[in-house]
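my_file.pdb (PDB, C-alpha atoms) appears below.
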MODEL        1
ATOM      1  CA  MET A  19      10.125  36.480 -16.296
ATOM      2  CA  THR A  20      12.501  33.504 -16.137
ATOM      3  CA  LYS A  21      11.701  30.855 -18.728
ATOM      4  CA  ARG A  22      10.898  27.433 -17.291
ATOM      5  CA  GLN A  23      13.474  24.735 -17.907
ATOM      6  CA  ILE A  24      12.151  21.980 -20.151
ATOM      7  CA  THR A  25      11.925  18.468 -18.753
ATOM      8  CA  ILE A  26      12.189  14.958 -20.159
ATOM      9  CA  LYS A  27       8.405  14.862 -20.329
ATOM     10  CA  ASP A  28       8.363  18.075 -22.395
ATOM     11  CA  ILE A  29      10.789  16.550 -24.882
ATOM     12  CA  ALA A  30       8.761  13.340 -25.039
ATOM     13  CA  LYS A  31       5.538  15.243 -25.742
ATOM     14  CA  ALA A  32       7.158  17.383 -28.443
ATOM     15  CA  LEU A  33       8.642  14.370 -30.231
ATOM     16  CA  SER A  34       5.677  12.020 -29.649
ATOM     17  CA  ILE A  35       7.774   9.411 -27.880
ATOM     18  CA  SER A  36       7.741   8.055 -24.320
ATOM     19  CA  PRO A  37       9.634   9.756 -21.467
ATOM     20  CA  SER A  38      11.572   6.529 -20.934
ATOM     21  CA  THR A  39      12.798   6.652 -24.550
ATOM     22  CA  VAL A  40      13.944  10.237 -24.030
ATOM     23  CA  SER A  41      15.690   9.287 -20.789
ATOM     24  CA  ARG A  42      17.507   6.356 -22.391
ATOM     25  CA  SER A  43      18.429   8.425 -25.453
ATOM     26  CA  LEU A  44      20.056  11.064 -23.274
ATOM     27  CA  ALA A  45      21.914   8.304 -21.434
ATOM     28  CA  ASP A  46      23.117   6.804 -24.772
ATOM     29  CA  HIS A  47      21.337   3.516 -24.035
ATOM     30  CA  PRO A  48      22.243   0.796 -26.617
ATOM     31  CA  ASP A  49      18.588  -0.219 -27.107
ATOM     32  CA  ILE A  50      17.735   3.163 -28.640
ATOM     33  CA  SER A  51      18.353   3.727 -32.362
ATOM     34  CA  ARG A  52      20.871   6.304 -33.597
ATOM     35  CA  GLU A  53      18.103   8.205 -35.352
ATOM     36  CA  THR A  54      16.052   8.570 -32.164
ATOM     37  CA  LYS A  55      19.099   9.540 -30.126
ATOM     38  CA  SER A  56      20.048  12.210 -32.662
ATOM     39  CA  LEU A  57      16.513  13.583 -32.706
ATOM     40  CA  VAL A  58      16.332  13.769 -28.915
ATOM     41  CA  LEU A  59      19.801  15.274 -28.484
ATOM     42  CA  ALA A  60      19.158  17.896 -31.157
ATOM     43  CA  TYR A  61      15.889  18.950 -29.543
ATOM     44  CA  ALA A  62      17.445  18.988 -26.080
ATOM     45  CA  LYS A  63      20.330  21.178 -27.290
ATOM     46  CA  GLU A  64      18.056  23.559 -29.188
ATOM     47  CA  HIS A  65      15.832  24.089 -26.131
ATOM     48  CA  LYS A  66      18.721  24.185 -23.647
ATOM     49  CA  TYR A  67      17.636  21.110 -21.699
ATOM     50  CA  LYS A  68      19.533  20.604 -18.450
ATOM     51  CA  PRO A  69      19.347  17.228 -16.661
ATOM     52  CA  ASN A  70      17.872  17.019 -13.166
ATOM     53  CA  PRO A  71      20.865  16.793 -10.775
ATOM     54  CA  LEU A  72      19.083  14.266  -8.537
ATOM     55  CA  ALA A  73      18.180  12.020 -11.458
ATOM     56  CA  THR A  74      21.707  12.237 -12.815
ATOM     57  CA  SER A  75      23.138  11.355  -9.422
ATOM     58  CA  LEU A  76      20.840   8.385  -9.102
ATOM     59  CA  ARG A  77      21.690   7.107 -12.585
ATOM     60  CA  THR A  78      25.389   7.159 -11.852
ATOM     61  CA  ASN A  79      24.778   5.267  -8.616
ATOM     62  CA  GLN A  80      21.959   3.068  -9.843
ATOM     63  CA  ASN A  81      23.237  -0.057  -8.123
ATOM     64  CA  LYS A  82      22.805   1.603  -4.744
ATOM     65  CA  THR A  83      19.365   3.231  -5.011
ATOM     66  CA  ILE A  84      15.932   1.678  -4.409
ATOM     67  CA  GLY A  85      12.667   3.475  -5.133
ATOM     68  CA  VAL A  86       9.798   3.065  -2.660
ATOM     69  CA  ILE A  87       6.236   4.107  -3.551
ATOM     70  CA  LEU A  88       3.931   4.411  -0.532
ATOM     71  CA  PRO A  89       0.260   5.469  -0.239
ATOM     72  CA  GLU A  90       0.842   7.053   3.172
ATOM     73  CA  VAL A  91       3.940   7.852   5.195
ATOM     74  CA  VAL A  92       2.237   8.903   8.433
ATOM     75  CA  HIS A  93       0.169   5.703   8.591
ATOM     76  CA  PHE A  94       1.568   3.437  11.319
ATOM     77  CA  PHE A  95       1.606   0.318   9.129
ATOM     78  CA  PHE A  96       3.483   1.945   6.256
ATOM     79  CA  SER A  97       5.938   3.666   8.584
ATOM     80  CA  THR A  98       6.833   0.298  10.123
ATOM     81  CA  VAL A  99       7.093  -1.246   6.642
ATOM     82  CA  LEU A 100       9.498   1.543   5.703
ATOM     83  CA  SER A 101      11.628   0.769   8.754
ATOM     84  CA  GLY A 102      11.972  -2.844   7.627
ATOM     85  CA  ILE A 103      12.865  -1.722   4.099
ATOM     86  CA  GLU A 104      15.508   0.735   5.309
ATOM     87  CA  ASP A 105      17.183  -1.721   7.675
ATOM     88  CA  GLU A 106      17.517  -4.415   4.991
ATOM     89  CA  ALA A 107      18.738  -1.895   2.419
ATOM     90  CA  GLU A 108      21.427  -0.557   4.741
ATOM     91  CA  LYS A 109      22.815  -4.043   5.299
ATOM     92  CA  GLU A 110      23.935  -4.113   1.653
ATOM     93  CA  GLY A 111      24.818  -0.457   1.283
ATOM     94  CA  PHE A 112      21.686   0.639  -0.590
ATOM     95  CA  ARG A 113      19.855   3.897  -0.101
ATOM     96  CA  ILE A 114      16.143   4.454  -0.675
ATOM     97  CA  LEU A 115      14.191   7.142  -2.501
ATOM     98  CA  VAL A 116      10.661   7.431  -1.067
ATOM     99  CA  SER A 117       7.656   8.794  -2.943
ATOM    100  CA  HIS A 118       4.403   9.473  -1.086
ATOM    101  CA  THR A 119       1.288   9.243  -3.305
ATOM    102  CA  ARG A 120      -1.285  10.323  -0.696
ATOM    103  CA  GLU A 121      -3.643   7.689  -2.135
ATOM    104  CA  GLU A 122      -3.793   9.510  -5.505
ATOM    105  CA  TYR A 123      -3.468   7.633  -8.804
ATOM    106  CA  LYS A 124      -1.930  10.560 -10.702
ATOM    107  CA  LYS A 125       0.756  11.047  -8.077
ATOM    108  CA  GLU A 126       1.484   7.329  -8.197
ATOM    109  CA  VAL A 127       1.955   7.489 -11.980
ATOM    110  CA  ARG A 128       4.309  10.460 -11.621
ATOM    111  CA  ALA A 129       6.244   8.651  -8.907
ATOM    112  CA  ALA A 130       6.740   5.577 -11.088
ATOM    113  CA  GLN A 131       7.865   7.780 -13.980
ATOM    114  CA  ALA A 132      10.343   9.577 -11.729
ATOM    115  CA  MET A 133      11.783   6.229 -10.637
ATOM    116  CA  LEU A 134      12.109   5.209 -14.276
ATOM    117  CA  GLU A 135      13.821   8.446 -15.277
ATOM    118  CA  ALA A 136      16.186   8.126 -12.318
ATOM    119  CA  ARG A 137      17.040   4.552 -13.359
ATOM    120  CA  VAL A 138      16.829   3.224  -9.824
ATOM    121  CA  SER A 139      17.999  -0.329  -9.303
ATOM    122  CA  GLY A 140      14.544  -1.521  -8.268
ATOM    123  CA  VAL A 141      11.177  -0.408  -6.937
ATOM    124  CA  LEU A 142       9.042  -1.477  -3.982
ATOM    125  CA  ALA A 143       5.417  -0.364  -4.286
ATOM    126  CA  SER A 144       2.068  -0.463  -2.522
ATOM    127  CA  VAL A 145      -0.774   0.852  -4.703
ATOM    128  CA  ALA A 146      -3.103   3.735  -3.881
ATOM    129  CA  LYS A 147      -6.796   3.205  -3.122
ATOM    130  CA  SER A 148      -7.805   4.984  -6.313
ATOM    131  CA  THR A 149      -5.531   3.001  -8.635
ATOM    132  CA  GLU A 150      -7.351   0.893 -11.235
ATOM    133  CA  LYS A 151      -4.832   0.991 -14.120
ATOM    134  CA  TYR A 152      -1.308  -0.334 -13.763
ATOM    135  CA  ASP A 153       0.507   0.589 -16.978
ATOM    136  CA  HIS A 154       2.967   2.750 -15.054
ATOM    137  CA  PHE A 155       4.154  -0.264 -13.083
ATOM    138  CA  GLN A 156       4.375  -2.471 -16.177
ATOM    139  CA  GLU A 157       6.571   0.191 -17.786
ATOM    140  CA  LEU A 158       9.100  -0.236 -14.984
ATOM    141  CA  ILE A 159       9.303  -3.965 -15.656
ATOM    142  CA  ASP A 160       9.485  -3.384 -19.420
ATOM    143  CA  ASN A 161      12.511  -1.199 -18.781
ATOM    144  CA  ASP A 162      14.288  -3.903 -16.759
ATOM    145  CA  ILE A 163      13.681  -2.297 -13.376
ATOM    146  CA  PRO A 164      12.770  -5.057 -10.867
ATOM    147  CA  LEU A 165       9.483  -4.437  -9.067
ATOM    148  CA  VAL A 166       8.113  -5.994  -5.879
ATOM    149  CA  PHE A 167       4.636  -5.186  -4.557
ATOM    150  CA  PHE A 168       3.828  -5.259  -0.856
ATOM    151  CA  ASP A 169       0.502  -5.252   1.007
ATOM    152  CA  ARG A 170      -1.583  -3.627  -1.749
ATOM    153  CA  ILE A 171      -0.741  -5.471  -4.935
ATOM    154  CA  CYS A 172      -1.726  -5.643  -8.599
ATOM    155  CA  ARG A 173      -2.722  -9.169  -9.551
ATOM    156  CA  GLY A 174      -2.446  -8.412 -13.276
ATOM    157  CA  ILE A 175       1.323  -7.817 -13.183
ATOM    158  CA  LEU A 176       3.618 -10.816 -12.898
ATOM    159  CA  THR A 177       6.115  -9.843 -10.262
ATOM    160  CA  ASP A 178       7.018 -10.777  -6.692
ATOM    161  CA  ARG A 179       4.766  -9.649  -3.874
ATOM    162  CA  VAL A 180       4.615  -9.708  -0.086
ATOM    163  CA  VAL A 181       1.156  -9.676   1.441
ATOM    164  CA  VAL A 182      -0.378  -9.877   4.866
ATOM    165  CA  ASP A 183      -2.619 -12.871   5.586
ATOM    166  CA  ASP A 184      -5.652 -10.591   5.569
ATOM    167  CA  TYR A 185      -8.209 -13.349   5.116
ATOM    168  CA  ASN A 186      -7.192 -15.452   8.106
ATOM    169  CA  GLY A 187      -6.437 -12.375  10.191
ATOM    170  CA  VAL A 188      -9.997 -11.107   9.852
ATOM    171  CA  CYS A 189     -11.531 -14.573   9.999
ATOM    172  CA  SER A 190      -9.871 -15.343  13.337
ATOM    173  CA  ALA A 191     -10.796 -11.925  14.756
ATOM    174  CA  VAL A 192     -14.479 -12.209  13.807
ATOM    175  CA  ASN A 193     -14.563 -15.788  15.030
ATOM    176  CA  TYR A 194     -13.233 -14.550  18.381
ATOM    177  CA  LEU A 195     -15.960 -11.900  18.559
ATOM    178  CA  ILE A 196     -18.547 -14.602  17.970
ATOM    179  CA  GLU A 197     -16.980 -16.916  20.559
ATOM    180  CA  THR A 198     -17.310 -14.144  23.142
ATOM    181  CA  GLY A 199     -21.055 -13.888  22.550
ATOM    182  CA  CYS A 200     -21.462 -11.398  19.695
ATOM    183  CA  ARG A 201     -24.044 -12.237  17.014
ATOM    184  CA  ARG A 202     -24.498  -8.996  15.039
ATOM    185  CA  VAL A 203     -20.984  -8.118  13.825
ATOM    186  CA  ALA A 204     -20.722  -5.036  11.593
ATOM    187  CA  PHE A 205     -17.916  -4.768   9.024
ATOM    188  CA  PHE A 206     -16.346  -1.405   8.121
ATOM    189  CA  GLY A 207     -14.212  -2.021   5.020
ATOM    190  CA  SER A 208     -12.247  -0.177   2.332
ATOM    191  CA  PRO A 209     -12.801   0.231  -1.456
ATOM    192  CA  SER A 210     -13.303  -3.071  -3.274
ATOM    193  CA  GLN A 211     -10.660  -2.503  -5.994
ATOM    194  CA  LEU A 212      -7.981  -3.306  -3.435
ATOM    195  CA  ALA A 213      -7.228  -7.017  -3.119
ATOM    196  CA  ILE A 214      -6.729  -6.623   0.625
ATOM    197  CA  SER A 215     -10.253  -5.234   0.937
ATOM    198  CA  ASN A 216     -11.804  -8.246  -0.745
ATOM    199  CA  ASN A 217      -9.695 -10.672   1.276
ATOM    200  CA  ARG A 218     -10.723  -9.043   4.542
ATOM    201  CA  ARG A 219     -14.390  -9.024   3.614
ATOM    202  CA  MET A 220     -14.238 -12.704   2.620
ATOM    203  CA  GLY A 221     -12.618 -13.501   5.952
ATOM    204  CA  TYR A 222     -15.428 -11.680   7.725
ATOM    205  CA  GLU A 223     -18.210 -13.388   5.762
ATOM    206  CA  ASP A 224     -16.689 -16.864   6.029
ATOM    207  CA  ALA A 225     -16.328 -16.498   9.813
ATOM    208  CA  LEU A 226     -20.047 -15.726  10.043
ATOM    209  CA  ILE A 227     -20.998 -18.627   7.780
ATOM    210  CA  ARG A 228     -18.845 -21.102   9.719
ATOM    211  CA  ASN A 229     -20.665 -20.054  12.859
ATOM    212  CA  ARG A 230     -24.051 -20.394  11.130
ATOM    213  CA  ILE A 231     -24.748 -16.682  11.248
ATOM    214  CA  ALA A 232     -26.386 -15.126   8.188
ATOM    215  CA  VAL A 233     -24.436 -12.427   6.333
ATOM    216  CA  ASP A 234     -26.473  -9.232   6.613
ATOM    217  CA  PRO A 235     -25.609  -6.669   3.856
ATOM    218  CA  GLU A 236     -26.999  -3.930   6.110
ATOM    219  CA  LEU A 237     -24.024  -4.436   8.429
ATOM    220  CA  ILE A 238     -21.380  -4.164   5.675
ATOM    221  CA  ILE A 239     -20.237  -0.704   4.564
ATOM    222  CA  ILE A 240     -17.265   1.108   3.041
ATOM    223  CA  CYS A 241     -15.799   3.185   5.846
ATOM    224  CA  ASP A 242     -12.045   3.339   6.431
ATOM    225  CA  ASN A 243     -11.260   6.561   8.289
ATOM    226  CA  TYR A 244     -11.938   8.142  11.660
ATOM    227  CA  GLY A 245     -14.243  10.942  10.524
ATOM    228  CA  ASP A 246     -16.572   8.730   8.498
ATOM    229  CA  ALA A 247     -16.618   6.173  11.306
ATOM    230  CA  LEU A 248     -18.174   8.704  13.672
ATOM    231  CA  GLU A 249     -21.091   9.258  11.300
ATOM    232  CA  MET A 250     -21.541   5.675  10.141
ATOM    233  CA  THR A 251     -21.411   4.230  13.663
ATOM    234  CA  ALA A 252     -24.292   6.471  14.701
ATOM    235  CA  ARG A 253     -26.293   5.245  11.703
ATOM    236  CA  MET A 254     -25.525   1.617  12.460
ATOM    237  CA  LEU A 255     -26.541   1.928  16.086
ATOM    238  CA  SER A 256     -29.836   3.545  15.078
ATOM    239  CA  LEU A 257     -30.924   0.444  13.144
ATOM    240  CA  PRO A 258     -33.944  -1.479  14.478
ATOM    241  CA  ASN A 259     -31.605  -4.416  15.077
ATOM    242  CA  PRO A 260     -28.213  -2.749  15.731
ATOM    243  CA  PRO A 261     -24.851  -4.541  15.831
ATOM    244  CA  ASP A 262     -23.348  -5.771  19.072
ATOM    245  CA  ALA A 263     -19.815  -5.780  17.634
ATOM    246  CA  PHE A 264     -17.780  -3.916  15.025
ATOM    247  CA  PHE A 265     -14.800  -5.054  12.993
ATOM    248  CA  ALA A 266     -12.902  -2.195  11.326
ATOM    249  CA  VAL A 267     -10.435  -2.422   8.452
ATOM    250  CA  ASN A 268      -7.932  -0.262  10.349
ATOM    251  CA  ASP A 269      -7.373   1.052  13.862
ATOM    252  CA  GLU A 270      -8.206   4.692  13.116
ATOM    253  CA  THR A 271     -11.661   3.624  11.994
ATOM    254  CA  ALA A 272     -12.016   1.350  15.017
ATOM    255  CA  VAL A 273     -11.205   4.231  17.382
ATOM    256  CA  GLY A 274     -13.845   6.335  15.624
ATOM    257  CA  ILE A 275     -16.369   3.568  16.234
ATOM    258  CA  LEU A 276     -15.296   3.277  19.863
ATOM    259  CA  ASN A 277     -15.532   6.995  20.574
ATOM    260  CA  LYS A 278     -18.926   7.416  18.923
ATOM    261  CA  ALA A 279     -20.362   4.358  20.703
ATOM    262  CA  LYS A 280     -19.214   5.730  24.068
ATOM    263  CA  ALA A 281     -20.592   9.184  23.227
ATOM    264  CA  LEU A 282     -23.968   7.590  22.551
ATOM    265  CA  GLY A 283     -23.955   5.929  25.971
ATOM    266  CA  TYR A 284     -22.927   2.396  25.029
ATOM    267  CA  ARG A 285     -20.574   0.472  27.281
ATOM    268  CA  VAL A 286     -17.534  -1.127  25.638
ATOM    269  CA  PRO A 287     -17.217  -4.091  25.697
ATOM    270  CA  GLU A 288     -20.288  -4.914  27.803
ATOM    271  CA  ASP A 289     -22.765  -3.621  25.181
ATOM    272  CA  ILE A 290     -20.557  -3.446  22.095
ATOM    273  CA  SER A 291     -17.237  -5.061  21.192
ATOM    274  CA  VAL A 292     -14.782  -3.312  18.834
ATOM    275  CA  CYS A 293     -11.827  -4.778  16.935
ATOM    276  CA  GLY A 294      -9.389  -3.048  14.583
ATOM    277  CA  PHE A 295      -6.689  -4.128  12.145
ATOM    278  CA  THR A 296      -2.995  -3.092  12.131
ATOM    279  CA  ASN A 297      -2.152  -2.968  15.858
ATOM    280  CA  ASN A 298      -1.295   0.699  15.670
ATOM    281  CA  SER A 299       0.257   2.536  18.617
ATOM    282  CA  ILE A 300      -3.129   4.204  19.235
ATOM    283  CA  CYS A 301      -4.474   0.838  20.410
ATOM    284  CA  GLU A 302      -2.748   1.324  23.761
ATOM    285  CA  LEU A 303      -3.828   4.968  23.999
ATOM    286  CA  SER A 304      -7.567   4.513  23.468
ATOM    287  CA  GLU A 305      -9.930   4.144  26.414
ATOM    288  CA  PRO A 306     -10.533   1.279  26.770
ATOM    289  CA  THR A 307      -7.503  -0.125  24.959
ATOM    290  CA  LEU A 308      -8.276  -1.504  21.498
ATOM    291  CA  THR A 309      -8.228  -5.150  20.412
ATOM    292  CA  SER A 310      -6.534  -5.373  16.997
ATOM    293  CA  VAL A 311      -4.962  -7.693  14.434
ATOM    294  CA  ASP A 312      -1.185  -7.210  14.202
ATOM    295  CA  GLN A 313      -0.004  -7.015  10.559
ATOM    296  CA  HIS A 314       3.726  -7.230  11.372
ATOM    297  CA  GLY A 315       4.581  -4.321   9.070
ATOM    298  CA  TYR A 316       8.308  -4.396   9.772
ATOM    299  CA  GLU A 317       8.512  -8.003   8.569
ATOM    300  CA  VAL A 318       6.536  -7.105   5.428
ATOM    301  CA  GLY A 319       9.044  -4.388   4.534
ATOM    302  CA  ALA A 320      12.106  -6.491   5.322
ATOM    303  CA  MET A 321      10.835  -9.439   3.269
ATOM    304  CA  ALA A 322       9.940  -7.238   0.286
ATOM    305  CA  MET A 323      13.396  -5.683   0.354
ATOM    306  CA  ARG A 324      15.098  -9.074   0.495
ATOM    307  CA  LEU A 325      13.148 -10.298  -2.536
ATOM    308  CA  LEU A 326      14.097  -7.187  -4.488
ATOM    309  CA  LEU A 327      17.765  -7.452  -3.529
ATOM    310  CA  ASP A 328      17.779 -11.063  -4.738
ATOM    311  CA  HIS A 329      16.742  -9.785  -8.176
ATOM    312  CA  ILE A 330      19.267  -6.956  -8.188
ATOM    313  CA  ASN A 331      22.119  -9.203  -7.036
ATOM    314  CA  GLY A 332      21.307 -11.915  -9.561
ATOM    315  CA  LYS A 333      20.406 -14.544  -6.984
ATOM    316  CA  ARG A 334      17.196 -15.579  -8.748
ATOM    317  CA  GLU A 335      17.879 -18.408 -11.186
ATOM    318  CA  ASP A 336      14.313 -18.765 -12.442
ATOM    319  CA  CYS A 337      11.516 -16.505 -13.660
ATOM    320  CA  LYS A 338       8.859 -17.757 -11.253
ATOM    321  CA  VAL A 339       6.844 -15.182  -9.346
ATOM    322  CA  VAL A 340       7.356 -15.441  -5.594
ATOM    323  CA  SER A 341       4.491 -14.656  -3.219
ATOM    324  CA  LYS A 342       5.256 -14.356   0.480
ATOM    325  CA  ILE A 343       2.460 -14.295   3.053
ATOM    326  CA  ILE A 344       3.074 -12.700   6.452
ATOM    327  CA  LYS A 345       0.950 -14.213   9.207
ATOM    328  CA  THR A 346      -1.095 -12.017  11.521
ATOM    329  CA  LYS A 347      -1.782 -12.200  15.252
ATOM    330  CA  LEU A 348      -4.855 -11.116  17.199
ATOM    331  CA  ILE A 349      -3.877  -8.855  20.104
ATOM    332  CA  ARG A 350      -6.697  -8.974  22.670
ATOM    333  CA  ARG A 351      -7.284  -5.887  24.768
ATOM    334  CA  GLN A 352     -10.163  -4.218  26.601
ATOM    335  CA  THR A 353     -12.616  -3.437  23.761
ATOM    336  CA  THR A 354     -13.592  -7.096  23.444
ATOM    337  CA  ARG A 355     -15.098  -9.384  26.071
TER     338      ARG A 355
ENDMDL
END
Rewritten as structure tokens:
Amino acid sequence: MTKRQITIKDIAKALSISPSTVSRSLADHPDISRETKSLVLAYAKEHKYKPNPLATSLRTNQNKTIGVILPEVVHFFFSTVLSGIEDEAEKEGFRILVSHTREEYKKEVRAAQAMLEARVSGVLASVAKSTEKYDHFQELIDNDIPLVFFDRICRGILTDRVVVDDYNGVCSAVNYLIETGCRRVAFFGSPSQLAISNNRRMGYEDALIRNRIAVDPELIIICDNYGDALEMTARMLSLPNPPDAFFAVNDETAVGILNKAKALGYRVPEDISVCGFTNNSICELSEPTLTSVDQHGYEVGAMAMRLLLDHINGKREDCKVVSKIIKTKLIRRQTTR
């Protein structure tokens, strides 16, 4: 059986030091002591360590490589964000290295470590739903790799971020539902550890309060995917006092609501109004077509990339954290009155 090649992480574990210290020792980084370098090099030689060709390539071209950490690639919003990132990067001759976490914390940690080992010039990141600790992102900053968050951010790390105006986007959408005659608006949200989730829920609740409608906890649930929406919509509509409108945190969930409501015999929008968030391409394909809040994902990606390039190119003269807010727009279609 062929013996597995050891990795930087194997060396780090054996010597009780961090992978970043191993990586910098192998690269003869001036911040690492001679003693540590000698220890690492001796161990690497003894165990026949061979560097990862991709990582080596990226290190030698570090000024032209940007790491991008995404929760989902197939999601319409993140795919449009990626388009904005790529277009801005190409303008200045940069290439991007994309890592897809599939909403998993452990994969996100590994992705950040891979970016660190590769010594990319900078990282753009949007955190996974399950992420509650952010040490892996702080390690990038501690190793002088510029980091910019977009959409899903970590408030505890002082770095630039680009966010969507989630609060006002939801507030205006729910206010519109109320203006068109709805009084029992259900809210299907996402896990509360995400800042965007809290902002969207606050926008929903404040819209109700401004219209003198009581916030009913029975109408607020965590449900952010199509499959769960089918089940939860049926439950909602079986309440003694069911909702006459639904606001969903994303369009996939909204389409689930729409399809289940129609299957149960409700007319949309005559009996029930439905509004999503993202303005996905499926909005035009649903029957009836779906009202949604446009997040302007391309602009989010382009802005995040520009902020990062400013850091890389030394155009930032101060250490202030920059926060950019991308405005939303309600796109009215046939699922609302």
Target residues per the PyMOL selection byres ((chain A and resi 354) around 8), formatted as a ChimeraX atom specification: /A:195,198,286-287,290-293,308-309,350-353,355
Pick out the closest residue to His154 in chain A from this set: A:Glu305, A:Asp178, A:Glu126, A:Asp224. Count all atoms listed in the file.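 The closest residue to His154 in chain A is A:Glu126.
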Carefully work through the PyMOL selection byres ((chain A and resi 108-114) around 8) for this structure and note down the residues it includes, as a VMD selection string. chain A and resid 81 to 86 104 to 107 115 to 116
Pick from A:Met133, A:Lys125, A:Lys66, A:Ser148 nearest to Pro209 in chain A, counting all atoms listed in the file: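 Closest to Pro209 in chain A of all the choices is A:Ser148.
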Between CA of Glu302 in chain A and CA of Asn193 in chain A lies a distance of 22.6 Å
Chain and number of each residue from the PyMOL selection byres ((chain A and resi 140) around 6), as an MDAnalysis selection string: chainID A and resid 84 138:139 141 163:165
Selected residue of minimal separation from Thr271 in chain A among A:Tyr222, A:Pro235, A:His329, A:Phe205, counting all atoms listed in the file: A:Phe205
Could you give me, as a PyMOL selection string, the residues within 6 Å of Gly315 in chain A, counting all atoms listed in the file and dropping anything in the same chain fewer than 4 positions from it? chain A and resi 95+98-99
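Computed from the coordinates, the CA of Gly319 in chain A to CA of His118 in chain A distance equals 15.7 Å.
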Name the residues in contact with Phe155 in chain A at a cut-off of 10 Å, using only C-alpha atoms, excluding same-chain residues fewer than 5 positions from it; report them as a list in words. Glu126, Val127, Ala130, Gln131, Leu134, Val141, Ala143, Val145, Asp160, Ile163, Leu165, Phe167, Cys172 and Ile175 of chain A
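Using all atoms listed in the file, the shortest contact distance between Arg201 in chain A and any of A:Ile171, A:Ala30, A:Leu226, A:Val40 is found at A:Leu226.
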For a quick check of understanding, using all atoms listed in the file, which of A:Thr296, A:Leu327, A:Cys301, A:Pro37 has the smallest distance to Glu157 in chain A? A:Pro37
What does the distance from CA of Val188 in chain A to CA of Ala252 in chain A come to in Å, to one decimal? 23.2 Å
Distance cut-off 12 Å, centre (7.7, -0.9, 10.6) in file coordinates, counting only C-alpha atoms: which residues qualify? Return them as number ranges by chain. A: 91-106, 296-299, 312-321
Selection export as a PDB file, in the coordinates of the input, atoms kept: C-alpha atoms:
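As a result, out-v3.pdb now contains:
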ATOM      1  CA  VAL A  91       3.940   7.852   5.195  1.00  0.00           C
ATOM      2  CA  VAL A  92       2.237   8.903   8.433  1.00  0.00           C
ATOM      3  CA  HIS A  93       0.169   5.703   8.591  1.00  0.00           C
ATOM      4  CA  PHE A  94       1.568   3.437  11.319  1.00  0.00           C
ATOM      5  CA  PHE A  95       1.606   0.318   9.129  1.00  0.00           C
ATOM      6  CA  PHE A  96       3.483   1.945   6.256  1.00  0.00           C
ATOM      7  CA  SER A  97       5.938   3.666   8.584  1.00  0.00           C
ATOM      8  CA  THR A  98       6.833   0.298  10.123  1.00  0.00           C
ATOM      9  CA  VAL A  99       7.093  -1.246   6.642  1.00  0.00           C
ATOM     10  CA  LEU A 100       9.498   1.543   5.703  1.00  0.00           C
ATOM     11  CA  SER A 101      11.628   0.769   8.754  1.00  0.00           C
ATOM     12  CA  GLY A 102      11.972  -2.844   7.627  1.00  0.00           C
ATOM     13  CA  ILE A 103      12.865  -1.722   4.099  1.00  0.00           C
ATOM     14  CA  GLU A 104      15.508   0.735   5.309  1.00  0.00           C
ATOM     15  CA  ASP A 105      17.183  -1.721   7.675  1.00  0.00           C
ATOM     16  CA  GLU A 106      17.517  -4.415   4.991  1.00  0.00           C
ATOM     17  CA  THR A 296      -2.995  -3.092  12.131  1.00  0.00           C
ATOM     18  CA  ASN A 297      -2.152  -2.968  15.858  1.00  0.00           C
ATOM     19  CA  ASN A 298      -1.295   0.699  15.670  1.00  0.00           C
ATOM     20  CA  SER A 299       0.257   2.536  18.617  1.00  0.00           C
ATOM     21  CA  ASP A 312      -1.185  -7.210  14.202  1.00  0.00           C
ATOM     22  CA  GLN A 313      -0.004  -7.015  10.559  1.00  0.00           C
ATOM     23  CA  HIS A 314       3.726  -7.230  11.372  1.00  0.00           C
ATOM     24  CA  GLY A 315       4.581  -4.321   9.070  1.00  0.00           C
ATOM     25  CA  TYR A 316       8.308  -4.396   9.772  1.00  0.00           C
ATOM     26  CA  GLU A 317       8.512  -8.003   8.569  1.00  0.00           C
ATOM     27  CA  VAL A 318       6.536  -7.105   5.428  1.00  0.00           C
ATOM     28  CA  GLY A 319       9.044  -4.388   4.534  1.00  0.00           C
ATOM     29  CA  ALA A 320      12.106  -6.491   5.322  1.00  0.00           C
ATOM     30  CA  MET A 321      10.835  -9.439   3.269  1.00  0.00           C
TER      31      MET A 321
END
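Shortest separation to Glu249 in chain A among A:Val182, A:Leu158, A:Leu276, A:Ile330 occurs at residue A:Leu276, atoms counted being all atoms listed in the file.
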Determine, counting all atoms listed in the file, every residue of protein, DNA or RNA that lies within 9 Å of (-12.9, 3.3, 13.9) in the file coordinates, then give the result as a CSV table (one decimal) with C-alpha atoms, in the coordinates of the input.
chain,number,residue,atom,x,y,z
A,206,PHE,CA,-16.3,-1.4,8.1
A,241,CYS,CA,-15.8,3.2,5.8
A,242,ASP,CA,-12.0,3.3,6.4
A,243,ASN,CA,-11.3,6.6,8.3
A,244,TYR,CA,-11.9,8.1,11.7
A,245,GLY,CA,-14.2,10.9,10.5
A,246,ASP,CA,-16.6,8.7,8.5
A,247,ALA,CA,-16.6,6.2,11.3
A,248,LEU,CA,-18.2,8.7,13.7
A,251,THR,CA,-21.4,4.2,13.7
A,264,PHE,CA,-17.8,-3.9,15.0
A,265,PHE,CA,-14.8,-5.1,13.0
A,266,ALA,CA,-12.9,-2.2,11.3
A,267,VAL,CA,-10.4,-2.4,8.5
A,268,ASN,CA,-7.9,-0.3,10.3
A,269,ASP,CA,-7.4,1.1,13.9
A,270,GLU,CA,-8.2,4.7,13.1
A,271,THR,CA,-11.7,3.6,12.0
A,272,ALA,CA,-12.0,1.4,15.0
A,273,VAL,CA,-11.2,4.2,17.4
A,274,GLY,CA,-13.8,6.3,15.6
A,275,ILE,CA,-16.4,3.6,16.2
A,276,LEU,CA,-15.3,3.3,19.9
A,277,ASN,CA,-15.5,7.0,20.6
A,278,LYS,CA,-18.9,7.4,18.9
A,292,VAL,CA,-14.8,-3.3,18.8
A,293,CYS,CA,-11.8,-4.8,16.9
A,294,GLY,CA,-9.4,-3.0,14.6
